[in-house]
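Engineer: Before anything else, here's the structure in question.
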Amino acid sequence: MQILDGKKVSQAVKDQLKIDVAQLSAEGKKVPHLAAILVGNDGASETYVASKVKSCEEVGFKSTLIRFDADTSENKLLEQIEDLNHDPDVDGILVQLPLPKHISDEQVINTINPEKDVDGFHPSSVGRMVQGLPTFISATPHGIMLMLEHYNINTAGMHAVVIGRSNIVGRPMSILLSENKNPGNCTVTLCHSKTKNIAELCRNADIIVAALGKPGFVTEDWIKEGAIVIDVGITRVADATKKSGFRLKGDVDYDNVAPKCSWITPVPGGVGPMTIAALLNNTYRSCMMKN
Ligand code: GUN
């Protein structure tokens, strides 16, 4: 069993970006600028956004964190996005999800200029991704593809089982793994809450991507010997031994599943850091389109 070390690969991506940004600065060119919007005080969202902003600093990007109270109006948020759309210094706009219930995710996502949609959530970005055209690919699936690429894992002909059909992870992941590219070229089964025989489908899988948000859902008896297992889950579970009072747990029962795998991602330190690496990559690309 080998570890897909997202922390290490993400650091390699960041090291390269740092060099590229230093080069831009030396040439007197604009450096990438990410604007992140956080609405409310959800603990997990606070952590993710802080981590994104910190990573920007690490590589020399400019970043702006814009905060709104949880009861802010949808209109106020949309106006802020419009301002950022028209700000020539801003290359990427990210609105952290989930949003409070009174704000429509759809309205918010549709308002972001697709040229600055570094999260890859806009229907135009998704449509281009489905057609295999150059675009911003949403950070988590993009990060997973970068990781497979980094470890030279040739997935051609594999049966991939993706668990979870969210717009952010499962659905785009299923499309990317089925593309006529490497990594890709898999036969993909997309499982969800109404799938009747998930365990059986997983037992036939060469690669499993678990992205449903249920800690420990994927168990050892679902795993074919030598399978590749990618765990997108990062649920906070209570842990009195931790200062924070919680620890992060993936969708995979790691301790029992890992011995059967050829490759597996740990939680934390697997997919999470790759999501940030992919977001930074998208922001750099957006900047380079103008530079
Ligand atoms: N919430 C969970 N994942 C993501 C992500 O990749 N981007 C944003 N904006 N919000 C998220």
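Letters A, B, ... mark the chains of the structure tokens in the order given; residue numbers begin at 1 per chain; ligand numbers begin at 1, in order shown.
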May I ask you to write as a PyMOL selection string all residues lying at most 8 Å from ligand 1, with only C-alpha atoms and all ligand atoms counted?
Structural biologist: chain A and resi 45+94-98+119+138-140+168+275+279
Engineer: Once you have the residues from the selection above, write them out as a compact mmCIF listing (two decimals), in the first residue's frame, restricted to C-alpha atoms.
Structural biologist:
```txt
# COMPACT_ATOMS: atom_id res chain seq x y z
CA SER A 45 -15.83 27.37 6.33
CA LEU A 94 -14.44 32.55 -4.57
CA VAL A 95 -17.63 32.50 -2.52
CA GLN A 96 -17.30 29.87 0.19
CA LEU A 97 -20.19 27.40 0.29
CA PRO A 98 -22.50 26.56 1.97
CA ASP A 119 -13.91 27.53 -8.31
CA SER A 138 -13.62 22.84 -9.72
CA ALA A 139 -10.84 22.58 -7.21
CA THR A 140 -11.47 19.22 -5.52
CA ILE A 168 -18.77 20.39 -6.35
CA THR A 275 -8.03 21.28 -3.40
CA LEU A 279 -7.50 26.64 -6.62
```
Engineer: Could you name the residues that touch segment 251-259 of chain A at 6 Å or less, counting only C-alpha atoms, but leaving out those on the same chain fewer than 2 positions away, as a PyMOL selection string?
Structural biologist: chain A and resi 214-220+233+261
Engineer: What's the 6 Å shell around Ala210 of chain A, counting only C-alpha atoms, without same-chain residues fewer than 3 positions away, as number ranges by chain?
Structural biologist: A: 163, 231-232
Engineer: Name the residues of segment 84-204 of chain A that come out as strand (DSSP E or B) in a backbone DSSP run; write them as a compact mmCIF listing (two decimals) with C-alpha atoms, in the first residue's frame.
Structural biologist:
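states33.txt written:
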```
# COMPACT_ATOMS: atom_id res chain seq x y z
CA GLY A 92 -10.27 35.00 -9.09
CA ILE A 93 -13.50 35.20 -7.08
CA LEU A 94 -14.44 32.55 -4.57
CA VAL A 95 -17.63 32.50 -2.52
CA HIS A 159 -13.64 0.77 -13.43
CA ALA A 160 -14.06 3.87 -11.27
CA VAL A 161 -16.83 4.12 -8.70
CA VAL A 162 -17.63 7.65 -7.54
CA ILE A 163 -19.84 7.88 -4.44
CA THR A 187 -15.53 3.29 -17.05
CA VAL A 188 -17.38 5.27 -14.42
CA THR A 189 -20.23 4.32 -12.12
CA LEU A 190 -21.73 7.23 -10.18
CA CYS A 191 -23.38 6.08 -6.95
```
Engineer: So that I can check the surroundings of Glu200 of chain A, please list as an NGL selection string every protein, DNA and RNA residue that reaches within 10 Å of it, counting only C-alpha atoms and ignoring chain neighbours fewer than 6 positions away.
Structural biologist: :A and (221-223)
Engineer: Could you please take those selected residues and save all heavy atoms as an mmCIF file, in the first residue's frame?
Structural biologist:
```
data_model
loop_
_atom_site.group_PDB
_atom_site.id
_atom_site.type_symbol
_atom_site.label_atom_id
_atom_site.label_comp_id
_atom_site.auth_asym_id
_atom_site.auth_seq_id
_atom_site.Cartn_x
_atom_site.Cartn_y
_atom_site.Cartn_z
ATOM 1 N N ASP A 221 -14.714 -4.614 3.595
ATOM 2 C CA ASP A 221 -15.345 -5.680 2.800
ATOM 3 C C ASP A 221 -15.869 -5.174 1.449
ATOM 4 O O ASP A 221 -16.357 -5.951 0.634
ATOM 5 C CB ASP A 221 -16.496 -6.335 3.601
ATOM 6 C CG ASP A 221 -17.504 -5.318 4.098
ATOM 7 O OD1 ASP A 221 -17.085 -4.245 4.578
ATOM 8 O OD2 ASP A 221 -18.718 -5.577 3.997
ATOM 9 N N TRP A 222 -15.764 -3.861 1.188
ATOM 10 C CA TRP A 222 -16.187 -3.294 -0.099
ATOM 11 C C TRP A 222 -15.007 -3.182 -1.069
ATOM 12 O O TRP A 222 -15.184 -2.742 -2.204
ATOM 13 C CB TRP A 222 -16.725 -1.875 0.080
ATOM 14 C CG TRP A 222 -18.002 -1.736 0.839
ATOM 15 C CD1 TRP A 222 -18.570 -2.630 1.691
ATOM 16 C CD2 TRP A 222 -18.867 -0.605 0.807
ATOM 17 N NE1 TRP A 222 -19.722 -2.138 2.206
ATOM 18 C CE2 TRP A 222 -19.935 -0.882 1.678
ATOM 19 C CE3 TRP A 222 -18.847 0.608 0.136
ATOM 20 C CZ2 TRP A 222 -20.978 0.014 1.892
ATOM 21 C CZ3 TRP A 222 -19.882 1.498 0.348
ATOM 22 C CH2 TRP A 222 -20.941 1.198 1.216
ATOM 23 N N ILE A 223 -13.813 -3.488 -0.590
ATOM 24 C CA ILE A 223 -12.599 -3.145 -1.334
ATOM 25 C C ILE A 223 -12.000 -4.356 -2.043
ATOM 26 O O ILE A 223 -11.745 -5.393 -1.412
ATOM 27 C CB ILE A 223 -11.531 -2.546 -0.375
ATOM 28 C CG1 ILE A 223 -12.112 -1.397 0.441
ATOM 29 C CG2 ILE A 223 -10.266 -2.114 -1.128
ATOM 30 C CD1 ILE A 223 -12.549 -0.175 -0.347
#
```
Engineer: Taking only C-alpha atoms into account, which of A:Lys116, A:Gln11, A:Met1, A:His86 comes nearest Cys287 of chain A?
Structural biologist: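 Closest to Cys287 of chain A, using only C-alpha atoms: A:Lys116.
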Engineer: As JSON, numbers by chain, please: every residue in segment 61-150 of chain A that a backbone DSSP assignment puts in alpha helix (DSSP H).
Structural biologist: {"A": [74, 75, 76, 77, 78, 79, 80, 81, 82, 83, 84, 85, 86, 105, 106, 107, 108, 109, 110, 111, 123, 124, 125, 126, 127, 128, 129, 130, 139, 140, 141, 142, 143, 144, 145, 146, 147, 148, 149, 150]}
